[in-house]
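Visitor: Structure provided below as structure tokens; questions to follow.
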There are 2 protein chains.
Amino acid sequence: MKYKLSQFGKKIEKVSGIKQLMDDLGQAMTVNKDMLMLGGGNPAHIPAVQRRFRQGVKDILESDRTFEETIGNYDTPQGNPAFLEALAGLLRNELGWSVTAKNIVLTNGSQSAFFVLFNMFAGRFEDGSYKKILLPLAPEYIGYSDVGLAANVELFQSFKPEIEYYDNNLFKYHIDFEKVRITDDVGAVCVSRPTNPTGNVVTDDEIARLSSLAKARNVPLIIDNAYGIPFPNIIFTEVKPYWDEQTIVCQSLSKLGLPGARTGIIIAAEEIVEALSEMNAVITLAPGSVGAALAYDIVKSGEIIKLSRDVIKPYYEKKAQQALNQFHYGLRGVDYCIHKPEGALFLWIWFKNLPITTDELYERLKKRGVLVVPGKYFFAGLSEKWDHADQCIRVTYSQDDKIVEAGINIICEEVKNMVSVH
Amino acid sequence: MKYKLSQFGKKIEKVSGIKQLMDDLGQAMTVNKDMLMLGGGNPAHIPAVQRRFRQGVKDILESDRTFEETIGNYDTPQGNPAFLEALAGLLRNELGWSVTAKNIVLTNGSQSAFFVLFNMFAGRFEDGSYKKILLPLAPEYIGYSDVGLAANVELFQSFKPEIEYYDNNLFKYHIDFEKVRITDDVGAVCVSRPTNPTGNVVTDDEIARLSSLAKARNVPLIIDNAYGIPFPNIIFTEVKPYWDEQTIVCQSLSKLGLPGARTGIIIAAEEIVEALSEMNAVITLAPGSVGAALAYDIVKSGEIIKLSRDVIKPYYEKKAQQALNQFHYGLRGVDYCIHKPEGALFLWIWFKNLPITTDELYERLKKRGVLVVPGKYFFAGLSEKWDHADQCIRVTYSQDDKIVEAGINIICEEVKNMVSVH
């Protein structure tokens, strides 16, 4: 760049993994509509959900002043007060969490929440020391990787998981509690549940153990619940949602079907909510009003629970199973393993003996019109080199069946050719 | 807070001026609806504008797939490609600027833009040095004050203006070019035009001089054009809009009537647009889709120009004149002066001989149910102490006539009582 850039400027000038991903995704969704998009985190357009939001917009247009107030007024930096009240009621009634509106703050998407939370609890401290965010289980979400503000310092510390193998080429990662230690240089612990990219759902027991480890060291446990309970409930196993005063739960309206509204929701102790509201004021004056307005009625009435449980969850569960079956069929003769799909929008596929890295596989597939995400982006903070990171891909199964099917066909074909030539 | 906070965390934990302002504003717009809100930057609800956006939503609902794509898809980190194309066309045709879609990036409100731009060009540098943002004329926008990321360092350098006096208790600030120097520790120059809080419009000649000073030192000139030409065109004097490759112009859809959609627009050299897109990906994945979708038709057709020029501008000009007349009438016998209202939503009133600071006046007025903003928040980066900062208030005249009238009555009454008791 022709101008001199600050440390911060230099940091953002480099192309990040998430930028490549979001560029690919955005281009595929807007310009290159022929691309088979199995690479992003875009939720499905579920007809029943879309119809509900269409109705919501009509209700807003017909209600006296609601439309004008939604588009024409800034909310408070914490978010729309009526929405916060309604959501607190829902969380108390449905999950039994002892929260009030003072425990909730909205952000422009949960990515913004992680940007602020991670830099608030980790990075450079006033005494010159540095702290990290502990990710107890790698692989973890690609979007975390580049948010660190401190220059030339790794923001994350992550650990190799234990691997449990099942029949039929399935496996599951577990947190390796033998390795995970919360040392003095850890400022917070974070885990996504369901996990992006693997579709893993960390067990109740693992969450309980993480929580007690975090409490013992007085650091917060951040649970990225973007796909979780009570909404959008894209979770195919029986687990308990978890929150207490020492836990920061991050929800979102994106995977419910509203990514364009950019609405993140953080549930935390009051003092954390106050600090995050402060940050909203400084970074963006106030969070956007549209997501909260569109979701208000279904949160207030509790309909969001039913919509998530009875429409969204079965929709994705069926798609997960279809995609899984197709891979099992298409990869006969290949040495592969797939993470047990327990939630979220992704299959995580592990090719043990490819002659190339999955970064190269990504490029080859892109040339053939299919986008996936190579595994290497999901291992932020892992200090030891691990070949496994170059052997996996993340495949999104949220798009229309025809797209997913055509994309998986090409992936299987490309991999099989490669393995048989070798 | 019970947890240890990083430098960044400590910085945001303190209550900022903008947070107090946005809290007051948000509360007044949502909960305490009896408060006479002359304190915020909320735009008016102009019936003709609201009707147009209502129609826009209906068009989106009726158009095939547009609604589903708007709420249900992430845009690219740069923003919606079709909107960027349409806007580039508008800027070429209407203003003659030589821009393409590659010169434009959207953000979640222009506050986000300033957060990134200021920290990108100023703050801490890799060689350990620091640079500042030069604000050539204080007072400047309150929202800039707290965005600096570098700890314990003032991000701004600003200068006392020259004051030109007119008849009828009016005055106007001018940039004092005798004082303004772009030294080595300046990373960028920034000016809001029309100026928030004063309603000043920096002259074409002043912009030309700033631009050539910035070019001579190879730093960008940032023009905060949130109220300016071509939209929302809340500008009551004849001036030329300005852009070139070394200028970064920040527009917004907020003052057009869409603050709830949080849509900022940055027009800049391609390399800057790329860096800002990168930052969008990291901070928020993609900017919100709703503002661009709502404004697309009127940008594409050019109707936004007519709406701004024929509806929005005269609406505010009339309100400015009404508010000005009421102050002149209500403050008879008080030693006051009002900045010539040339644009934006504010009157800037200077009380020369109050027995209290305007910070105390703010508190007294708040008790009487009127919100204004005390002057002291608008002087970030001014190194010398200046009593003037405690002698001014910003009064917003964008709300309904009855609210503005009742509020100004109370302000005049409070001030007159104080002066006559003294």
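Every chain in the structure tokens takes a letter, A first, then B, and so on in the order presented; its residues are numbered from 1, and the ligands are numbered from 1 following the presented order.
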Would you mind listing what lies within 12 Å of B:Glu360 as a PyMOL selection string, with only C-alpha atoms counted and same-chain residues fewer than 3 positions away left out?

Guide: chain B and resi 354-357+363-367+372-376+390-393+414-415+418

Visitor: Using only C-alpha atoms, which residues sit within 9 Å of A:Glu274 once same-chain residues fewer than 5 positions away are excluded, as a JSON list (two decimals) with C-alpha atoms, in the first residue's frame?

Guide:
```
[["chain", "number", "residue", "atom", "x", "y", "z"],
["A", 78, "GLN", "CA", -26.89, -3.33, 24.10],
["A", 102, "LYS", "CA", -29.11, -7.51, 31.72],
["A", 103, "ASN", "CA", -27.36, -10.77, 30.82],
["A", 105, "VAL", "CA", -26.21, -8.15, 24.45],
["A", 269, "ALA", "CA", -22.57, -12.07, 33.46],
["A", 279, "MET", "CA", -17.62, -1.88, 22.69],
["B", 13, "GLU", "CA", -14.32, -1.08, 30.16]]
```

Visitor: Skip stretch 143-148 of chain B itself and residues of its chain fewer than 3 positions away, then list as a PyMOL selection string all residues within 9 Å of it, counting only C-alpha atoms.

Guide: (chain A and resi 281-283+285) or (chain B and resi 11-12+16-18+111+114-116+118-119+122-123+140+151+153-156+377-381)

Visitor: I'd like to know which residues of stretch 30-186 of chain A are strand (DSSP E or B) (by DSSP, run on the backbone); could you write them as a ChimeraX atom specification?

Guide: /A:36-37,104-107,123-124,130-135,156-158,162-166,170-174,186

Visitor: Could you tell me which residues of chain B sit within 6 Å of chain A when counting only C-alpha atoms, and give me the result as an MDAnalysis selection string?

Guide: chainID B and resid 5:9 12:13 19 23 26 70:76 111:112 115 120:122 124:126 147 257:262 275 278:279 281:284 288:289

Visitor: Mind dumping the selected residues with N, CA and C atoms as a compact mmCIF listing (two decimals), in the first residue's frame?

Guide:
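Saved as result-v6.txt:
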```txt
# COMPACT_ATOMS: atom_id res chain seq x y z
N LEU B 5 -8.35 -8.41 32.49
CA LEU B 5 -8.61 -7.89 31.15
C LEU B 5 -7.32 -7.44 30.49
N SER B 6 -7.25 -7.64 29.18
CA SER B 6 -6.12 -7.17 28.39
C SER B 6 -6.14 -5.65 28.34
N GLN B 7 -5.10 -5.05 27.75
CA GLN B 7 -5.08 -3.60 27.50
C GLN B 7 -6.33 -3.17 26.77
N PHE B 8 -6.66 -3.92 25.73
CA PHE B 8 -7.85 -3.65 24.93
C PHE B 8 -9.10 -3.72 25.81
N GLY B 9 -9.18 -4.74 26.64
CA GLY B 9 -10.33 -4.91 27.53
C GLY B 9 -10.46 -3.76 28.51
N ILE B 12 -11.85 -0.61 26.84
CA ILE B 12 -13.29 -0.55 26.55
C ILE B 12 -14.14 -0.62 27.81
N GLU B 13 -13.52 -0.97 28.93
CA GLU B 13 -14.32 -1.08 30.16
C GLU B 13 -14.77 0.30 30.65
N LYS B 19 -20.84 6.06 24.32
CA LYS B 19 -21.72 5.09 24.95
C LYS B 19 -22.84 5.80 25.73
N ASP B 23 -26.60 5.35 24.74
CA ASP B 23 -27.51 4.82 25.77
C ASP B 23 -28.70 5.75 25.95
N GLY B 26 -30.80 5.56 22.78
CA GLY B 26 -31.52 4.30 22.63
C GLY B 26 -32.63 4.18 23.66
N THR B 70 -31.85 -11.90 0.38
CA THR B 70 -31.42 -10.81 1.24
C THR B 70 -31.22 -11.26 2.68
N ILE B 71 -32.22 -11.92 3.23
CA ILE B 71 -32.08 -12.32 4.64
C ILE B 71 -31.28 -13.60 4.77
N GLY B 72 -31.31 -14.45 3.74
CA GLY B 72 -30.80 -15.80 3.89
C GLY B 72 -29.39 -16.05 3.41
N ASN B 73 -28.75 -15.05 2.80
CA ASN B 73 -27.38 -15.24 2.30
C ASN B 73 -26.41 -14.23 2.90
N TYR B 74 -25.19 -14.68 3.15
CA TYR B 74 -24.12 -13.74 3.46
C TYR B 74 -23.73 -13.03 2.18
N ASP B 75 -23.52 -11.71 2.26
CA ASP B 75 -22.90 -11.01 1.14
C ASP B 75 -21.39 -11.29 1.16
N THR B 76 -20.66 -10.80 0.14
CA THR B 76 -19.20 -10.89 0.21
C THR B 76 -18.71 -9.91 1.28
N GLN B 111 -19.51 4.23 11.65
CA GLN B 111 -18.69 4.14 12.86
C GLN B 111 -17.66 3.02 12.73
N SER B 112 -18.07 1.88 12.21
CA SER B 112 -17.13 0.76 12.00
C SER B 112 -16.01 1.17 11.06
N PHE B 115 -13.52 3.25 13.00
CA PHE B 115 -12.76 2.38 13.90
C PHE B 115 -11.61 1.73 13.14
N MET B 120 -5.93 1.85 11.40
CA MET B 120 -5.10 1.35 10.31
C MET B 120 -3.99 2.36 9.98
N PHE B 121 -4.32 3.63 10.02
CA PHE B 121 -3.35 4.66 9.62
C PHE B 121 -2.67 5.33 10.82
N ALA B 122 -3.19 5.10 12.00
CA ALA B 122 -2.59 5.72 13.18
C ALA B 122 -2.50 4.69 14.30
N ARG B 124 -0.05 2.52 17.01
CA ARG B 124 1.31 2.02 17.13
C ARG B 124 1.82 1.42 15.82
N PHE B 125 3.05 1.74 15.46
CA PHE B 125 3.67 1.20 14.26
C PHE B 125 4.72 0.15 14.62
N GLU B 126 5.08 -0.65 13.62
CA GLU B 126 5.98 -1.78 13.89
C GLU B 126 7.33 -1.35 14.43
N VAL B 147 -12.23 5.43 19.66
CA VAL B 147 -11.95 4.27 18.81
C VAL B 147 -10.51 3.80 18.85
N GLY B 257 -32.36 7.79 6.55
CA GLY B 257 -33.53 7.27 7.24
C GLY B 257 -33.44 5.80 7.60
N LEU B 258 -32.23 5.21 7.46
CA LEU B 258 -32.07 3.78 7.71
C LEU B 258 -31.02 3.45 8.78
N PRO B 259 -31.00 4.17 9.90
CA PRO B 259 -29.96 3.85 10.89
C PRO B 259 -30.03 2.42 11.41
N GLY B 260 -31.25 1.86 11.49
CA GLY B 260 -31.40 0.51 12.01
C GLY B 260 -30.75 -0.55 11.13
N ALA B 261 -30.49 -0.20 9.87
CA ALA B 261 -29.87 -1.17 8.95
C ALA B 261 -28.35 -1.16 9.05
N ARG B 262 -27.78 -0.16 9.72
CA ARG B 262 -26.33 -0.05 9.91
C ARG B 262 -25.56 -0.27 8.60
N ALA B 275 -8.21 -3.80 1.79
CA ALA B 275 -7.86 -3.96 3.20
C ALA B 275 -9.10 -3.89 4.08
N GLU B 278 -11.06 -7.09 3.86
CA GLU B 278 -10.36 -8.04 4.72
C GLU B 278 -10.80 -7.88 6.18
N MET B 279 -10.82 -6.65 6.62
CA MET B 279 -11.20 -6.37 8.01
C MET B 279 -12.66 -6.75 8.26
N ALA B 281 -14.23 -9.20 6.90
CA ALA B 281 -14.26 -10.65 7.04
C ALA B 281 -13.87 -11.05 8.46
N VAL B 282 -12.83 -10.41 8.98
CA VAL B 282 -12.33 -10.78 10.29
C VAL B 282 -13.27 -10.31 11.41
N ILE B 283 -13.80 -9.11 11.29
CA ILE B 283 -14.62 -8.56 12.38
C ILE B 283 -16.06 -9.04 12.31
N THR B 284 -16.60 -9.27 11.12
CA THR B 284 -18.05 -9.52 11.06
C THR B 284 -18.46 -10.46 9.92
N GLY B 288 -23.94 -6.38 6.87
CA GLY B 288 -25.35 -6.72 6.77
C GLY B 288 -25.89 -6.47 5.37
N SER B 289 -26.87 -7.27 4.97
CA SER B 289 -27.40 -7.21 3.60
C SER B 289 -28.58 -6.27 3.45
```

Visitor: Could you go through stretch 24-98 of chain A and tell me which residues DSSP, when run on the backbone, assigns to helix (DSSP H, G or I), listing them as number ranges by chain?

Guide: A: 24-30, 47-62, 66-72, 81-95

Visitor: Got time to write the residues from that selection, N, CA and C atoms, as a CSV table (one decimal), in the first residue's frame?

Guide:
```csv
chain,number,residue,atom,x,y,z
A,24,ASP,N,-15.1,-16.5,-1.5
A,24,ASP,CA,-15.6,-17.6,-2.3
A,24,ASP,C,-17.1,-17.7,-2.1
A,25,LEU,N,-17.5,-17.7,-0.8
A,25,LEU,CA,-18.9,-17.9,-0.5
A,25,LEU,C,-19.8,-16.7,-1.1
A,26,GLY,N,-19.4,-15.5,-0.9
A,26,GLY,CA,-20.2,-14.4,-1.3
A,26,GLY,C,-20.2,-14.3,-2.8
A,27,GLN,N,-19.1,-14.6,-3.5
A,27,GLN,CA,-19.1,-14.7,-5.0
A,27,GLN,C,-20.1,-15.8,-5.5
A,28,ALA,N,-20.0,-16.9,-4.8
A,28,ALA,CA,-20.8,-18.1,-5.3
A,28,ALA,C,-22.3,-17.7,-5.0
A,29,MET,N,-22.6,-17.0,-4.0
A,29,MET,CA,-24.0,-16.7,-3.7
A,29,MET,C,-24.5,-15.5,-4.5
A,30,THR,N,-23.7,-14.7,-5.1
A,30,THR,CA,-24.1,-13.5,-5.8
A,30,THR,C,-23.7,-13.5,-7.3
A,47,PRO,N,-38.0,-23.7,3.2
A,47,PRO,CA,-39.2,-23.0,2.8
A,47,PRO,C,-40.1,-22.6,4.0
A,48,ALA,N,-40.3,-23.5,4.9
A,48,ALA,CA,-41.2,-23.1,6.0
A,48,ALA,C,-40.6,-22.0,6.9
A,49,VAL,N,-39.3,-22.0,7.0
A,49,VAL,CA,-38.7,-20.9,7.8
A,49,VAL,C,-38.8,-19.6,7.0
A,50,GLN,N,-38.5,-19.6,5.7
A,50,GLN,CA,-38.6,-18.4,4.9
A,50,GLN,C,-40.0,-17.9,4.9
A,51,ARG,N,-41.0,-18.8,4.8
A,51,ARG,CA,-42.4,-18.3,4.9
A,51,ARG,C,-42.7,-17.6,6.2
A,52,ARG,N,-42.1,-18.1,7.3
A,52,ARG,CA,-42.4,-17.5,8.6
A,52,ARG,C,-41.8,-16.1,8.6
A,53,PHE,N,-40.6,-15.9,8.1
A,53,PHE,CA,-40.0,-14.6,8.1
A,53,PHE,C,-40.7,-13.6,7.2
A,54,ARG,N,-41.1,-14.2,6.0
A,54,ARG,CA,-41.9,-13.3,5.1
A,54,ARG,C,-43.2,-12.8,5.9
A,55,GLN,N,-43.8,-13.7,6.6
A,55,GLN,CA,-45.0,-13.3,7.4
A,55,GLN,C,-44.6,-12.3,8.4
A,56,GLY,N,-43.4,-12.5,9.0
A,56,GLY,CA,-42.9,-11.5,10.0
A,56,GLY,C,-42.8,-10.1,9.4
A,57,VAL,N,-42.2,-10.1,8.2
A,57,VAL,CA,-42.1,-8.8,7.6
A,57,VAL,C,-43.4,-8.1,7.3
A,58,LYS,N,-44.4,-8.9,6.8
A,58,LYS,CA,-45.7,-8.4,6.6
A,58,LYS,C,-46.3,-7.9,7.9
A,59,ASP,N,-46.2,-8.6,9.0
A,59,ASP,CA,-46.7,-8.2,10.2
A,59,ASP,C,-46.1,-6.8,10.7
A,60,ILE,N,-44.8,-6.7,10.4
A,60,ILE,CA,-44.1,-5.5,10.8
A,60,ILE,C,-44.6,-4.3,9.9
A,61,LEU,N,-44.9,-4.6,8.6
A,61,LEU,CA,-45.4,-3.5,7.8
A,61,LEU,C,-46.8,-3.1,8.2
A,62,GLU,N,-47.5,-4.1,8.7
A,62,GLU,CA,-48.9,-3.8,9.0
A,62,GLU,C,-49.1,-3.2,10.4
A,66,THR,N,-44.2,0.0,13.7
A,66,THR,CA,-43.0,-0.9,13.9
A,66,THR,C,-42.0,-0.8,12.8
A,67,PHE,N,-42.5,-0.7,11.6
A,67,PHE,CA,-41.5,-0.7,10.5
A,67,PHE,C,-40.7,0.6,10.6
A,68,GLU,N,-41.3,1.7,10.8
A,68,GLU,CA,-40.6,3.0,10.9
A,68,GLU,C,-39.6,3.0,12.0
A,69,GLU,N,-40.0,2.4,13.2
A,69,GLU,CA,-39.0,2.4,14.3
A,69,GLU,C,-37.9,1.4,14.1
A,70,THR,N,-38.2,0.3,13.3
A,70,THR,CA,-37.1,-0.7,13.1
A,70,THR,C,-36.0,-0.1,12.2
A,71,ILE,N,-36.4,0.4,11.1
A,71,ILE,CA,-35.4,0.9,10.1
A,71,ILE,C,-34.9,2.3,10.5
A,72,GLY,N,-35.8,3.1,11.2
A,72,GLY,CA,-35.5,4.5,11.4
A,72,GLY,C,-34.9,4.9,12.7
A,81,PRO,N,-34.3,-3.2,23.6
A,81,PRO,CA,-34.7,-3.7,24.9
A,81,PRO,C,-35.8,-4.7,25.0
A,82,ALA,N,-36.8,-4.5,24.1
A,82,ALA,CA,-38.0,-5.4,24.1
A,82,ALA,C,-37.5,-6.8,23.7
A,83,PHE,N,-36.6,-6.9,22.7
A,83,PHE,CA,-36.1,-8.2,22.3
A,83,PHE,C,-35.3,-8.9,23.4
A,84,LEU,N,-34.5,-8.1,24.1
A,84,LEU,CA,-33.7,-8.6,25.1
A,84,LEU,C,-34.6,-9.2,26.2
A,85,GLU,N,-35.6,-8.5,26.6
A,85,GLU,CA,-36.6,-9.0,27.6
A,85,GLU,C,-37.2,-10.3,27.1
A,86,ALA,N,-37.7,-10.3,25.9
A,86,ALA,CA,-38.4,-11.5,25.4
A,86,ALA,C,-37.4,-12.7,25.4
A,87,LEU,N,-36.2,-12.5,25.0
A,87,LEU,CA,-35.2,-13.6,24.9
A,87,LEU,C,-34.9,-14.1,26.3
A,88,ALA,N,-34.7,-13.2,27.2
A,88,ALA,CA,-34.4,-13.6,28.6
A,88,ALA,C,-35.6,-14.4,29.1
A,89,GLY,N,-36.8,-14.1,28.9
A,89,GLY,CA,-38.0,-14.9,29.3
A,89,GLY,C,-37.9,-16.3,28.7
A,90,LEU,N,-37.6,-16.3,27.4
A,90,LEU,CA,-37.5,-17.6,26.7
A,90,LEU,C,-36.4,-18.5,27.3
A,91,LEU,N,-35.3,-17.9,27.6
A,91,LEU,CA,-34.2,-18.7,28.2
A,91,LEU,C,-34.5,-19.2,29.6
A,92,ARG,N,-35.2,-18.4,30.4
A,92,ARG,CA,-35.7,-18.8,31.7
A,92,ARG,C,-36.7,-19.9,31.6
A,93,ASN,N,-37.7,-19.7,30.7
A,93,ASN,CA,-38.8,-20.7,30.7
A,93,ASN,C,-38.3,-22.0,30.0
A,94,GLU,N,-37.6,-21.9,28.9
A,94,GLU,CA,-37.3,-23.1,28.2
A,94,GLU,C,-36.1,-23.9,28.7
A,95,LEU,N,-35.1,-23.1,29.2
A,95,LEU,CA,-33.9,-23.8,29.6
A,95,LEU,C,-33.6,-23.7,31.1
```

Visitor: Might you pull out every residue within 8 Å of stretch 326-341 of chain A, with only C-alpha atoms counted and same-chain residues fewer than 6 positions away left off, and present them as a PyMOL selection string?

Guide: chain A and resi 169-173+198-200+236+320+347-353+405+408-409+412-413+415-416+419

Visitor: Could you write out that same residue set with N, CA and C atoms as a compact mmCIF listing (two decimals), in the first residue's frame?

Guide:
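Produced file again.txt, reproduced below:
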```
# COMPACT_ATOMS: atom_id res chain seq x y z
N ASN A 169 -16.38 -46.54 8.87
CA ASN A 169 -15.55 -45.37 8.56
C ASN A 169 -15.96 -44.08 9.28
N LEU A 170 -16.41 -44.21 10.48
CA LEU A 170 -16.75 -43.01 11.26
C LEU A 170 -15.79 -42.85 12.42
N PHE A 171 -15.61 -41.61 12.85
CA PHE A 171 -14.80 -41.36 14.05
C PHE A 171 -15.35 -40.15 14.78
N LYS A 172 -14.85 -39.92 15.99
CA LYS A 172 -15.26 -38.74 16.77
C LYS A 172 -14.08 -38.25 17.58
N TYR A 173 -13.92 -36.92 17.58
CA TYR A 173 -12.87 -36.32 18.42
C TYR A 173 -13.38 -36.17 19.85
N THR A 198 -16.41 -29.75 12.35
CA THR A 198 -16.47 -31.23 12.32
C THR A 198 -17.87 -31.80 12.49
N GLY A 199 -18.79 -30.98 13.00
CA GLY A 199 -20.09 -31.53 13.35
C GLY A 199 -20.07 -32.30 14.65
N ASN A 200 -18.96 -32.19 15.36
CA ASN A 200 -18.83 -32.81 16.68
C ASN A 200 -19.74 -32.09 17.67
N PHE A 236 -27.94 -33.29 16.63
CA PHE A 236 -28.63 -34.56 16.41
C PHE A 236 -28.45 -35.55 17.56
N ALA A 320 -27.76 -34.29 6.35
CA ALA A 320 -26.50 -34.86 6.84
C ALA A 320 -26.43 -36.34 6.48
N LEU A 347 -19.87 -31.90 6.94
CA LEU A 347 -19.18 -33.17 7.13
C LEU A 347 -17.68 -32.88 7.11
N TRP A 348 -16.97 -33.57 7.94
CA TRP A 348 -15.52 -33.41 8.06
C TRP A 348 -14.90 -34.73 7.62
N ILE A 349 -14.21 -34.67 6.50
CA ILE A 349 -13.75 -35.91 5.88
C ILE A 349 -12.24 -36.00 5.92
N TRP A 350 -11.79 -37.13 6.34
CA TRP A 350 -10.36 -37.36 6.57
C TRP A 350 -9.86 -38.39 5.56
N PHE A 351 -9.01 -37.91 4.64
CA PHE A 351 -8.40 -38.80 3.64
C PHE A 351 -7.00 -39.15 4.12
N LYS A 352 -6.78 -40.41 4.40
CA LYS A 352 -5.52 -40.76 5.07
C LYS A 352 -4.33 -40.87 4.12
N ASN A 353 -4.60 -41.17 2.87
CA ASN A 353 -3.46 -41.47 1.99
C ASN A 353 -3.50 -40.74 0.65
N GLU A 405 -25.42 -32.88 -4.02
CA GLU A 405 -25.20 -34.18 -4.67
C GLU A 405 -24.17 -34.07 -5.79
N ILE A 408 -20.66 -33.46 -4.23
CA ILE A 408 -20.07 -34.66 -3.61
C ILE A 408 -19.61 -35.65 -4.68
N ASN A 409 -20.40 -35.76 -5.74
CA ASN A 409 -19.98 -36.62 -6.86
C ASN A 409 -18.61 -36.24 -7.39
N CYS A 412 -15.80 -37.05 -4.84
CA CYS A 412 -15.49 -38.48 -4.80
C CYS A 412 -14.71 -38.90 -6.05
N GLU A 413 -15.15 -38.40 -7.18
CA GLU A 413 -14.50 -38.73 -8.45
C GLU A 413 -13.04 -38.27 -8.45
N VAL A 415 -11.08 -37.60 -5.93
CA VAL A 415 -10.27 -38.35 -4.97
C VAL A 415 -9.99 -39.77 -5.47
N LYS A 416 -11.01 -40.40 -6.01
CA LYS A 416 -10.82 -41.78 -6.49
C LYS A 416 -9.80 -41.84 -7.63
N VAL A 419 -6.30 -41.51 -6.21
CA VAL A 419 -5.83 -42.67 -5.48
C VAL A 419 -5.54 -43.83 -6.42
```

Visitor: Got a sec: who's within 10 Å of B:Phe177, counting only C-alpha atoms, leaving out chain neighbours fewer than 5 positions off, as an MDAnalysis selection string?

Guide: chainID B and resid 136:137 159 161:162 206 209:210

Visitor: May I have the residues from that selection written out with N, CA and C atoms, as an mmCIF file, in the first residue's frame?

Guide:
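Output contents, as saved in result02.cif:
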```
data_model
loop_
_atom_site.group_PDB
_atom_site.id
_atom_site.type_symbol
_atom_site.label_atom_id
_atom_site.label_comp_id
_atom_site.auth_asym_id
_atom_site.auth_seq_id
_atom_site.Cartn_x
_atom_site.Cartn_y
_atom_site.Cartn_z
ATOM 1 N N PRO B 136 -8.363 18.726 11.533
ATOM 2 C CA PRO B 136 -7.897 20.109 11.342
ATOM 3 C C PRO B 136 -8.728 21.148 12.084
ATOM 4 N N LEU B 137 -9.915 20.767 12.501
ATOM 5 C CA LEU B 137 -10.785 21.757 13.117
ATOM 6 C C LEU B 137 -11.522 21.122 14.294
ATOM 7 N N PHE B 159 -7.017 21.138 16.248
ATOM 8 C CA PHE B 159 -6.599 22.529 16.349
ATOM 9 C C PHE B 159 -7.792 23.448 16.587
ATOM 10 N N PRO B 161 -10.153 26.438 15.983
ATOM 11 C CA PRO B 161 -10.521 27.057 14.712
ATOM 12 C C PRO B 161 -10.391 28.576 14.771
ATOM 13 N N GLU B 162 -10.439 29.205 13.635
ATOM 14 C CA GLU B 162 -10.708 30.641 13.580
ATOM 15 C C GLU B 162 -12.218 30.830 13.682
ATOM 16 N N GLU B 206 -11.218 25.247 1.616
ATOM 17 C CA GLU B 206 -10.587 24.537 2.741
ATOM 18 C C GLU B 206 -10.295 23.079 2.381
ATOM 19 N N ARG B 209 -7.308 22.895 0.088
ATOM 20 C CA ARG B 209 -6.040 23.096 0.814
ATOM 21 C C ARG B 209 -5.674 21.872 1.647
ATOM 22 N N LEU B 210 -6.668 21.283 2.303
ATOM 23 C CA LEU B 210 -6.391 20.063 3.079
ATOM 24 C C LEU B 210 -5.883 18.951 2.168
#
```

Visitor: List as a PyMOL selection string the protein and nucleic acid residues near A:Asn225, meaning an atom at most 10 Å away when only C-alpha atoms are counted, but skip any in the same chain fewer than 2 places from it.

Guide: chain A and resi 110+191-195+222-223+227-233+241-242+248-252+265-266+344

Visitor: Could you please take those selected residues and save C-alpha atoms as a PDB file, in the first residue's frame?

Guide:
```pdb
ATOM      1  CA  SER A 110     -21.290 -13.579  16.446  1.00  0.00           C
ATOM      2  CA  VAL A 191     -15.239 -24.294  22.383  1.00  0.00           C
ATOM      3  CA  SER A 192     -17.802 -24.402  19.575  1.00  0.00           C
ATOM      4  CA  ARG A 193     -20.683 -26.805  20.232  1.00  0.00           C
ATOM      5  CA  PRO A 194     -21.775 -28.179  17.771  1.00  0.00           C
ATOM      6  CA  THR A 195     -18.267 -27.772  16.420  1.00  0.00           C
ATOM      7  CA  ILE A 222     -16.924 -19.300  26.096  1.00  0.00           C
ATOM      8  CA  ILE A 223     -19.340 -21.655  24.334  1.00  0.00           C
ATOM      9  CA  TYR A 227     -25.744 -24.123  15.831  1.00  0.00           C
ATOM     10  CA  GLY A 228     -26.965 -25.183  19.242  1.00  0.00           C
ATOM     11  CA  ILE A 229     -29.898 -25.311  21.622  1.00  0.00           C
ATOM     12  CA  PRO A 230     -32.448 -23.711  21.908  1.00  0.00           C
ATOM     13  CA  PHE A 231     -32.114 -22.267  18.401  1.00  0.00           C
ATOM     14  CA  PRO A 232     -31.361 -23.146  15.618  1.00  0.00           C
ATOM     15  CA  ASN A 233     -31.069 -26.570  17.295  1.00  0.00           C
ATOM     16  CA  PRO A 241     -27.432 -26.680  26.978  1.00  0.00           C
ATOM     17  CA  TYR A 242     -25.147 -25.062  29.529  1.00  0.00           C
ATOM     18  CA  ILE A 248     -20.317 -16.845  28.020  1.00  0.00           C
ATOM     19  CA  VAL A 249     -22.720 -18.390  25.532  1.00  0.00           C
ATOM     20  CA  CYS A 250     -22.740 -16.986  21.997  1.00  0.00           C
ATOM     21  CA  GLN A 251     -25.881 -17.546  19.937  1.00  0.00           C
ATOM     22  CA  SER A 252     -26.823 -16.243  16.538  1.00  0.00           C
ATOM     23  CA  ILE A 265     -26.443 -12.784  20.788  1.00  0.00           C
ATOM     24  CA  ILE A 266     -24.197 -13.050  23.839  1.00  0.00           C
ATOM     25  CA  ALA A 344     -24.025 -28.061  12.414  1.00  0.00           C
TER      26      ALA A 344
END
```
